[in-house]
Amino acid sequence: MSDKTINISDVVNLPLDLKEQKKALEQKSPAVVEGKVKVYDPNKDNVKNLLEMLKNKLSRQTVSSLVGCVHCGMCSESCHYALARPHDPTMTPAYKADQIRQIFKRYIDWTGRIFPWWVHAKTPKNDEDLNRLKNIVFGTCSGCRRCTLNCPMGVDTAVLVRLTRGLLTELGIVPEGVFVVDKDSWETGNQMGVSQEDYIETLEWQEEEVQAELDDPSFKIPIDKEDCDFMYTVNPREIKYDPRSIAYACKVFHMAGESWTMPSFGWDQTNFGLFSGDDKLGGYIAKNLYEAAKRLRAKRIVISECGHGYRSSRWEGYNWAKYKQDIPSESVLITLIRYINQGLIKVDPSRNPLSITYHDSCNLARSGDLTEEPRWILERICTDFREMYPNRSDNFCCTGGGGALSMVEYKPLRIEVAKVKADQLKATGAKLVCTSCHNCVDGLSDLIKHYKLDMQVVQILDLVAEALVIPEKNEKK
Amino acid sequence: MSEFLRILEDEVQIVALAFMATVYTIRLIWMFRFKAGKEITKPVGSPRVGVAYSMMNVAMPWAMESARKNLSFYVQFVIFHLGVLMAITATLILPYWPEFFESEPIVRIFQLFMGAAFAVGLIRLIRRITSPVMRLISTPDDYFSVALLTAWFAAGVFAMPNQYEVSEWPLILFFGMTTLFLIYVPFSKISHYLYYPFTRYFLGKTMGHRGVFPRKKGGEKPAGLE
Ligand code: SF4
Ligand code: SF4
C-alpha cells in the first residue's frame, strides 16, 4: 500500500466542474453550438434521459455482460485499483460494473423490475447520483480489461464502464478534461487541438532535423503525396511534445527506401471517443483517417506507436464509423519487423547496452494482437532485454489508460494505485522500460517520478533509431 | 411410496421443468431482441478458434490468472458444479429408474459428490458473509441462491438411499426443494449457465478475431515476417 491512502468518498463526491463548459458556451464553441459535444443542463430530466439512452444503446453483447455476472468476486484480484487498495471493496471491478447493472436491472431486466431490493436494482434519483456515477466510471477504472480476461463468465466490465461513460458524456456529466478533449477533437480533428499550421510546421522542422542528421537535403516528409505504399498517422502528442518520434520513424522509412506519405488532415490515429464512450466522436475521428487514406490512394495505413490509437484505428474505429475496411492498417511495429527481417534497415543491438524491460500496453495486448512483435524487435535492437512479470495480456495497466491522464481531479488516486505497477517495474531491475504507446509513456513517467524509481521510459522507435546503422555516405560529417 | 411423493417426484417435477423451460425460452427471445454488435474489420486471428478457446476456458485453470492463483477456489468451483450435476441427475433417475439406487456404491458416490458440494456451498456462504468485497457486491438473491443450493445438496445426501419405506421425508424435502429450485432459477443468478455461452461466445469471437485468444505465452510467430 502507498503511504497515504485516499478517502474514496472524496473521489466519489467530487463535484461536477463546469468552468470549461461555461466558457465554451460563452465563446459559442462550434462543437457545442452544433450539439456535437453536450453540456450539462440542470433543467433537463437527466435521469430519464439516461434511462432512455441506455435502452437504445444496449446490444446483445452488453446485455450478456450485464446479466452474466454471478458476483463471484474473482475479478477483485485482477484490478490494480483493488490490489493497491485491499481495504477498499469499492475498487472491485464487479462493484464498478454494478453501478450500471443496477440501473439496467431496475429499468430493463425482469426480476429487478418486480423485486428491486432482491437483486439490488435501483434507479439514480437525481443529478447528484449521476455525478457520483461519473466519478466511479471515470475516476476508478482505466478500462484496461484485465478483469475481463480474468472473469470466468467472460463478463466485459471495461465495456460496461465505457457504455456508462458514453451515456454520461451525452448528458455533459463528465470530468472537465473529457469535455475539453472531446470538444477539441470535434473542432480540430485531433484530440490535442493542434492547428493544421502547427502540424505542418512541426513536420517541416523534423524534416530539416533529419536532413541535417543524414546530411541529405533531398530527404522529405511527403505530405499528401498520392499513390504511396502507405500513409503514416501519428499521435498529436508527437506533434506537441515528442516530435523526435516522428523524425525517427521518417528516418527509418527513408532508409528502407519506402514510398510513404502523411496526410495534411486525418492524421490523428488516437481517438478520445474510446475513452469518453462517444461512438459518434470515435466514428468521426476514425473516418477522417480512413478517408484521408482513400483520398491519397494509399495502399496501407501505418499507425505510429500508441496503444489506444492502434485499438481505435485498427479495430474499433471501423465499427464506430460503420466503415468497411478497404485497405490494411497496421502498427508501425509490423512495418519495422518487415524492414529488419528483409534487411531493408540494419540495426546494431550493441548501441542499446542498458537493461530494458517491456511494458505491454493494455490496448495492444488485451484489446489488440501485438505482444510478440515488440519483443521480436527488442531482441534485435538491444543486448539486455528482460521480461517483467506478469506480462503480455496479463500485464498491469500503466495506470494512465482510459483517458486518466486528462482527468487531473483523479490523479491522487491514480498515483496511489500505480504502486502495483511501480513494484512490477522495480522487480525487473531494468534501467529502461520500453513501451509502444505514447499514453503509457506519460502514465509510466508519472509513477516513476512519484515512486522515485531509477528508470526511464523509452519507445521502440527511440531504440530502433539508436540502433539504426546509417550508411557512411549518410553519416553526419 | 405414498401418492403424494409419487406425484411430487413425477408430475410436479415435469410441470416445474416445463415452467423453467418456458421462462428460459422467453428469456432467450428477450436476449435475441437486442441487436448484435457487428465486427467489420479484417481479422488477424480466427473468431471460431477464439470462441472455442473462450468456451473451454472453464476447463483451463492455467489460462486465467484468477484461477491459476486461486487453485483451491477453482477446485471448489469444480466440486460445486459436479454436485449440481449429480443432484440434477438424481432428480431425473430417482422417479423413473429407482433400481439404479439399489447399488450401495452408486448411492455412496452420489452422496460423496453432493456432500462435498454441500461443504463447498458452506464455505462459499461464509466467504460471502465475511469478506467485505463479497458483502458489498452480494444481493439477497446471491445469498439465497447459494443457500438454496447448499441446502439442496444436504437434502440430496439424505434422499439418495431412496428408502421411502423407512421414511419419505428426506425424499419429500429433496423433491420439494427441487421444485422450488426449478421455479426460482430462471429469475435468479443461478441462470448464469444460460448466459455463459453468450458472454463467452461474444468475448471469444472478438478476441479470436483480433488474435488475442488463444492467449499468447511467448514464442508465437510475430506478424510482419511473411
Ligand atoms: S465480473 Fe466476473 S469475475 Fe467479477 S464478480 Fe462478476 S462474474 Fe465474477
Ligand atoms: S478494466 Fe481495469 S481498471 Fe477497470 S475495473 Fe477492470 S481491471 Fe480495474
# chains A, B, ... in the order shown; residues from 1 in each chain; ligands from 1
call {"tool": "residues_near_ligand", "arguments": {"ligand": "ligand 2", "cutoff": "9 Å", "atoms": "only C-alpha atoms and all ligand atoms", "output": "MDAnalysis selection string"}}
result
chainID A and resid 75:82 91:97 137 140:150 156:159 161 362 396:397 399 401:402
call {"tool": "closest_atom_pairs", "arguments": {"of": "chain A", "to": "chain B", "cutoff": "6 Å", "atoms": "only C-alpha atoms", "output": "CSV"}}
result
residue,atom,partner,partner_atom,distance
A:Ser59,CA,B:Lys35,CA,5.1
A:Arg60,CA,B:Ala36,CA,4.9
A:Ser64,CA,B:Thr199,CA,5.5
A:Gly68,CA,B:Tyr195,CA,5.6
A:Pro89,CA,B:Val133,CA,4.6
A:Tyr95,CA,B:Ile137,CA,5.8
A:Thr111,CA,B:Phe187,CA,5.9
A:Trp118,CA,B:Pro140,CA,5.2
A:Val119,CA,B:Thr139,CA,5.2
A:His120,CA,B:Thr139,CA,5.8
A:Asn150,CA,B:Ser66,CA,5.5
A:Met153,CA,B:Tyr196,CA,5.8
A:Gly154,CA,B:Arg200,CA,5.0
A:Gln325,CA,B:Thr41,CA,5.7
A:Ile334,CA,B:Gly224,CA,5.0
A:Ile337,CA,B:Gly224,CA,5.6
A:Arg338,CA,B:Gly224,CA,5.2
A:Gly368,CA,B:Arg210,CA,5.9
A:Asp369,CA,B:Gly211,CA,5.1
A:Glu372,CA,B:Pro222,CA,5.3
A:Glu373,CA,B:Pro222,CA,5.0
call {"tool": "residues_near_ligand", "arguments": {"ligand": "ligand 1", "cutoff": "6 Å", "atoms": "only C-alpha atoms and all ligand atoms", "output": "compact mmCIF listing (two decimals) with all heavy atoms, in the first residue's frame"}}
result
# COMPACT_ATOMS: atom_id res chain seq x y z
N CYS A 69 -23.03 -11.58 -14.75
CA CYS A 69 -22.17 -11.56 -13.55
C CYS A 69 -22.80 -12.37 -12.42
O CYS A 69 -23.97 -12.17 -12.07
CB CYS A 69 -21.93 -10.12 -13.10
SG CYS A 69 -20.95 -10.00 -11.60
N VAL A 70 -22.02 -13.27 -11.84
CA VAL A 70 -22.54 -14.09 -10.74
C VAL A 70 -22.03 -13.60 -9.38
O VAL A 70 -22.22 -14.26 -8.37
CB VAL A 70 -22.18 -15.59 -10.92
CG1 VAL A 70 -22.96 -16.20 -12.04
CG2 VAL A 70 -20.69 -15.78 -11.12
N HIS A 71 -21.38 -12.45 -9.41
CA HIS A 71 -20.85 -11.87 -8.16
C HIS A 71 -19.97 -12.86 -7.41
O HIS A 71 -20.12 -13.06 -6.21
CB HIS A 71 -22.01 -11.39 -7.26
CG HIS A 71 -22.67 -10.17 -7.80
ND1 HIS A 71 -24.00 -9.89 -7.62
CD2 HIS A 71 -22.18 -9.14 -8.54
CE1 HIS A 71 -24.30 -8.75 -8.22
NE2 HIS A 71 -23.22 -8.29 -8.78
N CYS A 72 -19.06 -13.48 -8.19
CA CYS A 72 -18.16 -14.46 -7.56
C CYS A 72 -16.94 -13.77 -6.96
O CYS A 72 -16.22 -14.36 -6.15
CB CYS A 72 -17.71 -15.49 -8.60
SG CYS A 72 -16.66 -14.80 -9.89
N GLY A 73 -16.67 -12.53 -7.39
CA GLY A 73 -15.57 -11.77 -6.81
C GLY A 73 -14.20 -12.14 -7.35
O GLY A 73 -13.18 -11.62 -6.88
N MET A 74 -14.15 -13.01 -8.36
CA MET A 74 -12.85 -13.44 -8.90
C MET A 74 -12.09 -12.29 -9.56
O MET A 74 -10.87 -12.35 -9.71
CB MET A 74 -13.06 -14.55 -9.94
CG MET A 74 -13.59 -15.84 -9.39
SD MET A 74 -12.36 -16.74 -8.45
CE MET A 74 -11.51 -17.59 -9.75
N CYS A 75 -12.81 -11.28 -9.99
CA CYS A 75 -12.15 -10.17 -10.69
C CYS A 75 -11.44 -9.23 -9.72
O CYS A 75 -10.65 -8.39 -10.14
CB CYS A 75 -13.17 -9.40 -11.52
SG CYS A 75 -14.64 -8.93 -10.59
N ALA A 94 -16.44 -5.74 -10.22
CA ALA A 94 -17.87 -6.05 -10.25
C ALA A 94 -18.69 -4.93 -9.62
O ALA A 94 -19.81 -4.64 -10.06
CB ALA A 94 -18.15 -7.37 -9.54
N CYS A 151 -12.34 -12.91 -15.77
CA CYS A 151 -13.68 -13.26 -15.31
C CYS A 151 -14.05 -14.63 -15.87
O CYS A 151 -14.06 -14.83 -17.08
CB CYS A 151 -14.69 -12.22 -15.80
SG CYS A 151 -16.38 -12.76 -15.54
N PRO A 152 -14.37 -15.59 -15.01
CA PRO A 152 -14.72 -16.92 -15.51
C PRO A 152 -15.96 -16.91 -16.40
O PRO A 152 -16.11 -17.76 -17.27
CB PRO A 152 -14.96 -17.75 -14.26
CG PRO A 152 -15.01 -16.80 -13.11
CD PRO A 152 -14.37 -15.52 -13.54
N MET A 153 -16.82 -15.92 -16.20
CA MET A 153 -18.04 -15.86 -17.02
C MET A 153 -17.80 -15.15 -18.35
O MET A 153 -18.64 -15.22 -19.25
CB MET A 153 -19.14 -15.10 -16.25
CG MET A 153 -19.81 -15.91 -15.17
SD MET A 153 -20.77 -17.30 -15.80
CE MET A 153 -22.08 -16.48 -16.69
N VAL A 155 -17.50 -11.82 -18.49
CA VAL A 155 -18.17 -10.51 -18.39
C VAL A 155 -17.17 -9.41 -18.73
O VAL A 155 -16.07 -9.38 -18.19
CB VAL A 155 -18.70 -10.31 -16.94
CG1 VAL A 155 -19.15 -8.87 -16.73
CG2 VAL A 155 -19.85 -11.27 -16.67
call {"tool": "closest_residue", "arguments": {"among": "A:Pro374, A:Pro353, A:Pro222, A:Pro116", "to": "A:Ile200", "atoms": "only C-alpha atoms"}}
result
A:Pro222
call {"tool": "residues_around", "arguments": {"residues": "A:His450", "least_positions_apart": "5", "cutoff": "12 Å", "atoms": "only C-alpha atoms", "output": "PyMOL selection string"}}
result
chain A and resi 2-3+411-412+414-419+421-422+443-445+455
call {"tool": "select_by_dssp", "arguments": {"residues": "stretch 287-401 of chain A", "states": "alpha helix (DSSP H)", "output": "PyMOL selection string"}}
result
chain A and resi 287-295+307-310+317-321+332-341+362-365+372-381
call {"tool": "atom_distance", "arguments": {"atom1": "atom CA of B:Thr178", "atom2": "atom CA of B:Leu112"}}
result
19.0 Å
call {"tool": "select_by_dssp", "arguments": {"residues": "stretch 154-287 of chain A", "states": "strand (DSSP E or B)", "output": "number ranges by chain"}}
result
A: 223, 230-234, 260-262, 268
call {"tool": "write_last_selection", "arguments": {"atoms": "C-alpha atoms", "output": "JSON list (two decimals), in the first residue's frame"}}
result
[["chain", "number", "residue", "atom", "x", "y", "z"],
["A", 223, "ILE", "CA", 2.66, 15.45, -47.24],
["A", 230, "PHE", "CA", 1.36, 3.68, -47.01],
["A", 231, "MET", "CA", 0.03, 6.67, -45.16],
["A", 232, "TYR", "CA", 1.66, 7.28, -41.79],
["A", 233, "THR", "CA", -0.57, 8.53, -38.98],
["A", 234, "VAL", "CA", 0.56, 9.85, -35.63],
["A", 260, "TRP", "CA", 5.03, 6.80, -47.97],
["A", 261, "THR", "CA", 3.20, 9.97, -47.05],
["A", 262, "MET", "CA", 1.50, 11.81, -44.22],
["A", 268, "ASP", "CA", -4.63, 11.69, -35.72]]
call {"tool": "atom_distance", "arguments": {"atom1": "atom CA of A:Leu58", "atom2": "atom CA of A:Ser276"}}
result
16.7 Å
call {"tool": "residues_around", "arguments": {"residues": "A:Asn7", "least_positions_apart": "6", "cutoff": "12 Å", "atoms": "only C-alpha atoms", "output": "PyMOL selection string"}}
result
chain A and resi 13-14+85+87-88+90+410+412-413+416
call {"tool": "residues_around", "arguments": {"residues": "stretch 194-199 of chain A", "least_positions_apart": "4", "cutoff": "9 Å", "atoms": "only C-alpha atoms", "output": "number ranges by chain"}}
result
A: 184, 188-190, 203-204, 236, 239-240, 264-265
call {"tool": "atom_distance", "arguments": {"atom1": "atom CA of A:Asn395", "atom2": "atom CA of A:Trp320"}}
result
27.0 Å
